Every structure is written in structure tokens, then in C-alpha cells.
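What's in my_file-v6.csv: CSV, C-alpha atoms
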chain,number,residue,atom,x,y,z
E,1,MET,CA,99.7,97.1,178.9
E,2,TYR,CA,100.9,97.5,182.5
E,3,HIS,CA,102.1,94.5,184.5
E,4,PHE,CA,102.7,94.9,188.2
E,5,SER,CA,105.8,92.8,188.0
E,6,ASP,CA,107.4,95.3,185.6
E,7,MET,CA,106.7,98.4,187.6
E,8,SER,CA,109.0,100.0,190.1
E,9,PRO,CA,108.2,99.6,193.8
E,10,GLY,CA,105.7,102.2,194.9
E,11,LEU,CA,104.6,103.1,191.4
E,12,ALA,CA,100.8,102.8,191.2
E,13,PRO,CA,99.0,101.7,188.1
E,14,PRO,CA,97.3,104.6,186.1
E,15,ALA,CA,94.1,105.6,187.7
E,16,MET,CA,90.9,105.0,185.7
E,17,ALA,CA,88.8,108.0,185.0
E,18,PRO,CA,85.7,108.0,187.2
E,19,VAL,CA,82.5,107.3,185.4
E,20,PRO,CA,80.2,110.4,186.0
E,21,PRO,CA,76.8,109.6,187.5
E,22,ALA,CA,73.9,109.8,185.1
E,23,PRO,CA,72.1,113.2,185.2
E,24,LEU,CA,68.8,113.0,187.0
E,25,GLY,CA,67.0,115.5,184.9
E,26,ARG,CA,63.8,117.0,186.2
E,27,LEU,CA,61.8,114.8,188.6
E,28,LEU,CA,58.1,114.9,189.7
E,29,VAL,CA,57.4,113.9,193.3
E,30,ILE,CA,53.8,112.9,194.0
E,31,ASP,CA,53.0,112.8,197.7
E,32,ASP,CA,50.1,114.1,199.7
E,33,ASP,CA,52.0,114.1,203.0
E,34,PRO,CA,54.3,117.2,203.4
E,35,CYS,CA,56.6,115.5,205.9
E,36,ALA,CA,57.1,112.4,203.7
E,37,ARG,CA,57.5,114.5,200.7
E,38,ALA,CA,60.3,116.5,202.4
E,39,GLN,CA,62.1,113.2,203.1
E,40,ILE,CA,62.2,112.5,199.4
E,41,LEU,CA,63.0,116.1,198.2
E,42,ASP,CA,65.9,116.8,200.6
E,43,PRO,CA,68.3,114.2,199.3
E,44,LEU,CA,67.4,115.2,195.7
E,45,ALA,CA,68.1,118.9,196.6
E,46,GLU,CA,71.5,117.9,197.9
E,47,GLN,CA,72.3,116.4,194.5
E,48,ARG,CA,71.1,119.8,192.9
E,49,CYS,CA,68.4,117.9,191.1
E,50,ALA,CA,65.5,119.9,189.7
E,51,THR,CA,62.3,118.6,191.3
E,52,VAL,CA,58.6,119.5,191.3
E,53,ALA,CA,56.6,118.5,194.3
E,54,THR,CA,52.8,118.0,194.0
E,55,THR,CA,49.8,116.3,195.4
E,56,ALA,CA,48.0,113.4,193.7
E,57,ARG,CA,45.2,115.8,192.8
E,58,ASP,CA,47.5,118.3,190.9
E,59,ALA,CA,49.8,115.6,189.3
E,60,PRO,CA,47.8,115.3,186.0
E,61,ARG,CA,48.1,119.1,185.5
E,62,HIS,CA,51.9,119.0,185.8
E,63,LEU,CA,52.2,115.9,183.6
E,64,GLN,CA,50.1,117.6,180.9
E,65,SER,CA,52.0,120.9,180.9
E,66,ASP,CA,55.6,119.9,181.8
E,67,GLN,CA,58.3,117.4,180.8
E,68,PHE,CA,59.9,115.1,183.4
E,69,SER,CA,62.6,112.5,183.3
E,70,LEU,CA,61.1,110.4,186.1
E,71,VAL,CA,58.2,110.3,188.5
E,72,ILE,CA,58.4,109.3,192.2
E,73,LEU,CA,54.9,108.3,193.4
E,74,ASP,CA,54.6,107.7,197.1
E,75,ALA,CA,51.6,105.3,197.3
E,76,ARG,CA,51.7,105.3,201.1
E,77,HIS,CA,50.3,108.8,201.3
E,78,VAL,CA,48.0,109.5,198.4
E,79,ALA,CA,44.3,109.6,199.2
E,80,ALA,CA,43.2,108.5,195.7
E,81,GLY,CA,45.3,105.2,195.9
E,82,GLY,CA,48.6,104.5,194.3
E,83,PHE,CA,47.2,102.4,191.5
E,84,ASP,CA,44.7,105.0,190.4
E,85,ILE,CA,47.4,107.7,190.3
E,86,LEU,CA,49.7,105.3,188.4
E,87,ARG,CA,46.9,104.8,185.8
E,88,GLN,CA,46.5,108.6,185.4
E,89,VAL,CA,50.3,109.0,185.0
E,90,ARG,CA,50.4,106.2,182.3
E,91,ALA,CA,47.4,107.7,180.5
E,92,ARG,CA,49.4,110.9,180.0
E,93,SER,CA,53.0,109.9,179.7
E,94,ASN,CA,55.5,107.0,179.3
E,95,VAL,CA,57.8,108.6,181.8
E,96,PRO,CA,59.5,106.1,184.2
E,97,VAL,CA,57.8,105.7,187.6
E,98,ILE,CA,59.2,104.6,190.9
E,99,LEU,CA,56.4,103.5,193.2
E,100,ILE,CA,57.1,103.8,196.9
E,101,THR,CA,55.1,101.2,198.8
E,102,GLN,CA,54.5,99.8,202.2
E,103,THR,CA,56.4,96.7,203.2
E,104,ALA,CA,53.3,94.7,203.7
E,105,ARG,CA,52.1,94.8,200.1
E,106,ASP,CA,51.6,91.2,198.8
E,107,GLU,CA,52.7,89.6,195.6
E,108,ILE,CA,49.4,90.4,193.8
E,109,ASP,CA,49.8,94.1,194.5
E,110,ARG,CA,53.4,94.1,193.3
E,111,VAL,CA,52.6,92.3,190.1
E,112,LEU,CA,49.7,94.6,189.4
E,113,ALA,CA,51.9,97.6,190.0
E,114,PHE,CA,54.3,96.4,187.3
E,115,GLU,CA,51.5,95.5,184.9
E,116,LEU,CA,50.0,99.0,185.3
E,117,GLY,CA,53.3,100.6,184.3
E,118,ALA,CA,55.5,101.0,187.4
E,119,ASP,CA,59.2,100.7,186.5
E,120,ASP,CA,60.4,100.0,190.0
E,121,LEU,CA,59.0,99.4,193.5
E,122,LEU,CA,60.7,100.8,196.5
E,123,PRO,CA,59.4,99.4,199.8
E,124,GLU,CA,59.8,101.2,203.1
E,125,PRO,CA,62.0,101.7,205.0
E,126,PHE,CA,64.5,102.9,202.4
E,127,SER,CA,67.5,105.1,202.5
E,128,PRO,CA,68.1,108.3,200.4
E,129,ARG,CA,71.1,106.6,198.8
E,130,GLU,CA,69.0,103.6,197.7
E,131,LEU,CA,66.4,106.0,196.2
E,132,LEU,CA,69.1,107.9,194.3
E,133,ALA,CA,70.7,104.6,193.1
E,134,ARG,CA,67.4,103.3,191.8
E,135,ILE,CA,66.7,106.6,190.0
E,136,ARG,CA,70.1,106.6,188.3
E,137,ALA,CA,69.7,102.9,187.3
E,138,ILE,CA,66.4,103.5,185.6
E,139,LEU,CA,67.6,106.6,183.7
E,140,ARG,CA,70.8,104.7,182.7
E,141,ARG,CA,68.8,101.8,181.3
E,142,GLN,CA,66.5,104.2,179.5
E,143,GLU,CA,69.4,106.0,177.9
E,144,PHE,CA,71.1,102.7,176.9
E,145,GLY,CA,67.8,101.5,175.3
E,146,ARG,CA,67.5,104.8,173.4
E,147,ARG,CA,71.0,104.5,172.0
E,148,LEU,CA,70.5,100.8,171.2
E,149,THR,CA,67.3,101.1,169.3
E,150,GLY,CA,67.4,104.6,168.0
E,151,PRO,CA,64.6,106.1,165.9
E,152,SER,CA,62.4,103.9,163.6
E,153,PRO,CA,63.9,103.6,160.1
E,154,ARG,CA,62.6,106.4,157.9
E,155,GLY,CA,61.6,104.3,154.9
E,156,GLY,CA,59.8,101.4,156.5
E,157,TYR,CA,60.2,97.6,156.5
E,158,ARG,CA,60.1,94.6,154.2
E,159,PHE,CA,59.2,91.1,155.5
E,160,GLN,CA,58.4,88.0,153.5
E,161,GLY,CA,57.5,90.1,150.4
E,162,TRP,CA,55.3,92.5,152.4
E,163,GLU,CA,56.3,96.2,152.6
E,164,LEU,CA,55.3,98.8,155.2
E,165,ARG,CA,56.2,102.3,154.1
E,166,HIS,CA,56.3,105.1,156.7
E,167,THR,CA,56.2,108.0,154.3
E,168,LEU,CA,52.9,106.8,152.7
E,169,ARG,CA,51.7,104.9,155.8
E,170,THR,CA,50.8,102.0,153.5
E,171,LEU,CA,51.1,98.2,153.8
E,172,THR,CA,51.3,96.1,150.6
E,173,ASP,CA,51.2,92.3,150.4
E,174,PRO,CA,53.6,90.1,148.4
E,175,SER,CA,51.3,90.5,145.3
E,176,GLY,CA,51.6,94.3,145.5
E,177,ALA,CA,48.0,94.9,146.7
E,178,GLU,CA,47.5,97.5,149.4
E,179,VAL,CA,46.2,96.3,152.8
E,180,VAL,CA,44.2,99.0,154.5
E,181,LEU,CA,45.1,99.4,158.2
E,182,THR,CA,43.5,101.5,160.9
E,183,LYS,CA,45.7,103.9,162.9
E,184,LYS,CA,46.0,101.5,165.8
E,185,GLU,CA,46.7,98.5,163.5
E,186,TYR,CA,49.5,100.5,161.8
E,187,ALA,CA,51.0,101.4,165.2
E,188,LEU,CA,50.7,97.8,166.3
E,189,LEU,CA,52.4,96.4,163.2
E,190,THR,CA,55.2,99.1,163.5
E,191,ALA,CA,55.8,98.0,167.1
E,192,PHE,CA,56.2,94.4,166.0
E,193,LEU,CA,58.5,95.4,163.1
E,194,ASP,CA,60.7,97.5,165.4
E,195,ALA,CA,61.5,94.3,167.4
E,196,PRO,CA,61.2,91.2,165.2
E,197,GLY,CA,61.6,87.9,167.0
E,198,ARG,CA,61.3,89.5,170.4
E,199,ALA,CA,58.4,88.7,172.8
E,200,LEU,CA,56.5,92.0,173.5
E,201,SER,CA,54.3,92.2,176.5
E,202,ARG,CA,50.7,93.3,176.3
E,203,LEU,CA,51.5,96.4,178.2
E,204,HIS,CA,54.3,97.3,175.7
E,205,LEU,CA,51.9,97.0,172.9
E,206,MET,CA,49.2,99.0,174.7
E,207,ARG,CA,51.7,101.9,175.0
E,208,ALA,CA,52.7,101.6,171.4
E,209,THR,CA,49.1,101.8,170.3
E,210,ARG,CA,48.0,104.2,173.0
E,211,THR,CA,45.4,101.7,174.1
E,212,HIS,CA,43.9,102.2,177.6
E,213,GLU,CA,46.4,100.7,179.9
E,214,ASP,CA,44.4,98.4,182.1
E,215,ILE,CA,45.7,94.9,182.8
E,216,PHE,CA,42.2,93.5,182.6
E,217,ASP,CA,41.4,95.3,179.4
E,218,ARG,CA,41.5,92.9,176.5
E,219,SER,CA,41.3,95.5,173.7
E,220,ILE,CA,45.0,94.9,172.7
E,221,ASP,CA,44.1,91.3,172.0
E,222,VAL,CA,41.3,92.4,169.8
E,223,GLN,CA,43.7,94.7,167.9
E,224,VAL,CA,46.1,91.8,167.4
E,225,LEU,CA,43.3,89.5,166.2
E,226,ARG,CA,42.2,92.1,163.6
E,227,LEU,CA,45.8,92.5,162.4
E,228,ARG,CA,46.3,88.8,162.2
E,229,ARG,CA,43.2,88.4,160.0
E,230,LYS,CA,44.4,91.1,157.6
E,231,LEU,CA,47.8,89.4,157.3
E,232,SER,CA,46.2,86.0,157.0
E,233,ALA,CA,44.3,87.0,153.9
E,234,HIS,CA,47.6,86.2,152.1
E,235,PRO,CA,49.3,82.8,152.5
E,236,ALA,CA,52.6,84.5,153.4
E,237,GLY,CA,51.0,86.2,156.5
E,238,GLY,CA,49.2,83.5,158.2
E,239,ALA,CA,51.7,82.7,161.0
E,240,LEU,CA,53.7,85.9,161.4
E,241,ILE,CA,52.3,86.8,164.9
E,242,LYS,CA,53.0,84.2,167.5
E,243,THR,CA,51.3,84.2,171.0
E,244,GLU,CA,53.5,84.1,174.0
E,245,ARG,CA,51.1,82.5,176.5
E,246,GLY,CA,50.7,84.5,179.7
E,247,TYR,CA,52.9,87.4,178.4
E,248,GLY,CA,52.1,88.9,175.0
E,249,TYR,CA,53.0,88.4,171.3
E,250,ARG,CA,56.1,87.9,169.0
E,251,PHE,CA,56.6,88.8,165.3
E,252,ASP,CA,58.2,85.6,164.0
E,253,THR,CA,60.1,86.5,160.8
E,254,ILE,CA,63.2,88.3,159.4
E,255,VAL,CA,62.6,92.0,158.9
E,256,GLU,CA,64.6,94.2,156.6
E,257,SER,CA,64.7,98.0,157.0
E,258,LEU,CA,63.9,100.3,154.1
E,259,PHE,CA,65.8,103.6,153.8
Re-express the file's structure as C-alpha cells.
Amino acid sequence: MYHFSDMSPGLAPPAMAPVPPAPLGRLLVIDDDPCARAQILDPLAEQRCATVATTARDAPRHLQSDQFSLVILDARHVAAGGFDILRQVRARSNVPVILITQTARDEIDRVLAFELGADDLLPEPFSPRELLARIRAILRRQEFGRRLTGPSPRGGYRFQGWELRHTLRTLTDPSGAEVVLTKKEYALLTAFLDAPGRALSRLHLMRATRTHEDIFDRSIDVQVLRLRRKLSAHPAGGALIKTERGYGYRFDTIVESLF
């Protein structure tokens, strides 16, 4: 360990190695206004970032055929409306989205944007440095989350005598009887078992089950209700799924991974 009092005059402490910025990957910029689009693309080009520029009309085609690390959606200049395009993006991909908005947008619009799947909102006016910083922050969080969670365990899960096995895609209750799950119920239960004890938003569960992502769509609640009924058929499953009022649901038990 270095102590400044022990060092000779004029001797500087060892320099820390700079942390390299997160790579930006390949970005999709959606903007119907060529001038506004250029204001976004130019600073990205200076960072030697691979970008694809498109209009709102052609965005679905790019999302269907290409892979992107992040989408920048300029809601100020899309004729179809930012929320409609955001829905289309979310219907095709879980890619992070930065939504550029007007300063005058009220709280309801901001909340709705997040509920529909925006990862960040960037109000005008904004600087290129701020845009780049927000892009890096989102990609950094995404990479950290990927390292933290990793892939789902190969074998499955065990909880309170129940077993969910990935290889056979089967759920058995504590007595050993098989419980038949639909494809969406299986995906929903897997999402819960991936994050036991953690409150999961309705939007998170919609993405996990590929349910239509509309904040006013209650189909995810129906899926949770059906899964609850199947778990409640056994005394050990009656209170596993807790409701987080105004937010979503939580799987309330200890879960063991099977390998």
C-alpha cells in the first residue's frame, strides 16, 4: 500500500488504469426528420459506432432482419406517434430503447412511455455527450445484469416439494403427480423461479411470456390467475404467488436449482 507521507517529494502515486468505455455495438436510429436524424448520427459516427438510420415506417423491417444493441427513437419527428412505434419495437424485440421526447411531455406520458417498454427518456434540448453517456449507461447495466443472472439452470428448479424440469418441460407437485402447464404458464412460472422473492412488474412478466405488451391489457393477470389455480390444487402451492399492488407479482418461497 502506498502512503503519501512515505513517498519522496515529487513522486506521484501509481496511475490507475483507465476503465475503457462500454462498446456501443450496433444502434438503430428511428427518425422521420433527416436534419434531426443527422444531429443524432454525427456524434455516433465520431465514436466510430455502427448505426443504421431509418424512418418509422421501415423500422419494423430492420428489427425483423437485423440485430441491434440499442434503439434511439426520436418521438418528436415520427408521423405515426412515438408510443405506436415503441409498441412495434417491443412486439419484435427486447432491445433497449431510448425515447427522445419534447420537454413539454407531462407525467402521464412519461409513465406510459416506461410502461410500454422505454428504458430511458431523453428530453430536448440535449447534448451529444449526454446522449452518449445514456447509451453507455444502459448497455453497461444490461451487461452487468447478464453477468449477474446468467442463463437459466439447465436442470430446472425445486421449491417446497415441487419440481420444474427444463429438459422434459414438466411440473410435478409434492406428491409426484404431474401438473399440466400451457406454454405461457410454463414461461410465467420459469420467470418467477428465475427471481424468487423479487417483485416482478407486469411488463417484465409480459415480456417473459411474450404477451401483448399493452399497459391496459390484463391478459398477464389472467395467466397469473390460472397458474395460481393450478398451484393451489395442492396445499403446498396455495400462497406461492404474492400480489405486489400497483406493480406486479412476487414468488414467495425458497427455490433450489437443479443441475
Next on the checklist: Just the number, please: distance in Å from atom CA of Val52 of chain E to atom CA of Leu28 of chain E, one decimal.
Outcome noted: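 So the two atoms, atom CA of Val52 of chain E and atom CA of Leu28 of chain E, lie 4.9 Å apart.
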Checklist entry - What lies within 12 Å of Pro60 of chain E using only C-alpha atoms, ignoring chain neighbours under 2 positions off, as a PyMOL selection string? => result chain E and resi 28+30+54-58+62-67+71+84-93
Could the residues in this selection be saved with C-alpha atoms as a short mmCIF file (atom, residue, chain, number, x, y, z; two decimals), in the coordinates of the input?
data_model
loop_
_atom_site.label_atom_id
_atom_site.label_comp_id
_atom_site.auth_asym_id
_atom_site.auth_seq_id
_atom_site.Cartn_x
_atom_site.Cartn_y
_atom_site.Cartn_z
CA LEU E 28 58.10 114.90 189.70
CA ILE E 30 53.80 112.90 194.00
CA THR E 54 52.80 118.00 194.00
CA THR E 55 49.80 116.30 195.40
CA ALA E 56 48.00 113.40 193.70
CA ARG E 57 45.20 115.80 192.80
CA ASP E 58 47.50 118.30 190.90
CA HIS E 62 51.90 119.00 185.80
CA LEU E 63 52.20 115.90 183.60
CA GLN E 64 50.10 117.60 180.90
CA SER E 65 52.00 120.90 180.90
CA ASP E 66 55.60 119.90 181.80
CA GLN E 67 58.30 117.40 180.80
CA VAL E 71 58.20 110.30 188.50
CA ASP E 84 44.70 105.00 190.40
CA ILE E 85 47.40 107.70 190.30
CA LEU E 86 49.70 105.30 188.40
CA ARG E 87 46.90 104.80 185.80
CA GLN E 88 46.50 108.60 185.40
CA VAL E 89 50.30 109.00 185.00
CA ARG E 90 50.40 106.20 182.30
CA ALA E 91 47.40 107.70 180.50
CA ARG E 92 49.40 110.90 180.00
CA SER E 93 53.00 109.90 179.70
#
Next on the checklist: Please list as number ranges by chain every residue within 6 Å of segment 98-100 of chain E, counting all atoms listed in the file and excluding residues in the same chain fewer than 4 positions away.
Outcome noted: E: 72-75, 119-123
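Those DNA, RNA and protein residues that approach the point (42.8, 103.1, 159.5) to within 12 Å, considering all atoms listed in the file, are Arg169, Thr170, Leu171, Val179, Val180, Leu181, Thr182, Lys183, Lys184, Glu185, Tyr186, Ala187, Leu188, Gln223, Arg226 and Leu227 of chain E.
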Item to check | Interatomic distance, atom CA of Gly117 of chain E to atom CA of Gly82 of chain E (Å, one decimal) | outcome: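 Atom CA of Gly82 of chain E lies 11.7 Å from atom CA of Gly117 of chain E.
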Checklist entry - What is the distance, in Å and to one decimal place, between atom CA of Leu205 of chain E and atom CA of Val78 of chain E? => result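 Result for atom CA of Leu205 of chain E versus atom CA of Val78 of chain E: 28.7 Å, one decimal.
Distance check against Phe159 of chain E using all atoms listed in the file: of E:Ile108, E:Val224, E:Leu189, E:Ala208, the minimum falls on E:Leu189.
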Item to check | Given all atoms listed in the file as the counted atoms, nearest of E:Leu193, E:Arg245, E:Phe83, E:Glu115 to Thr101 of chain E | outcome: E:Phe83
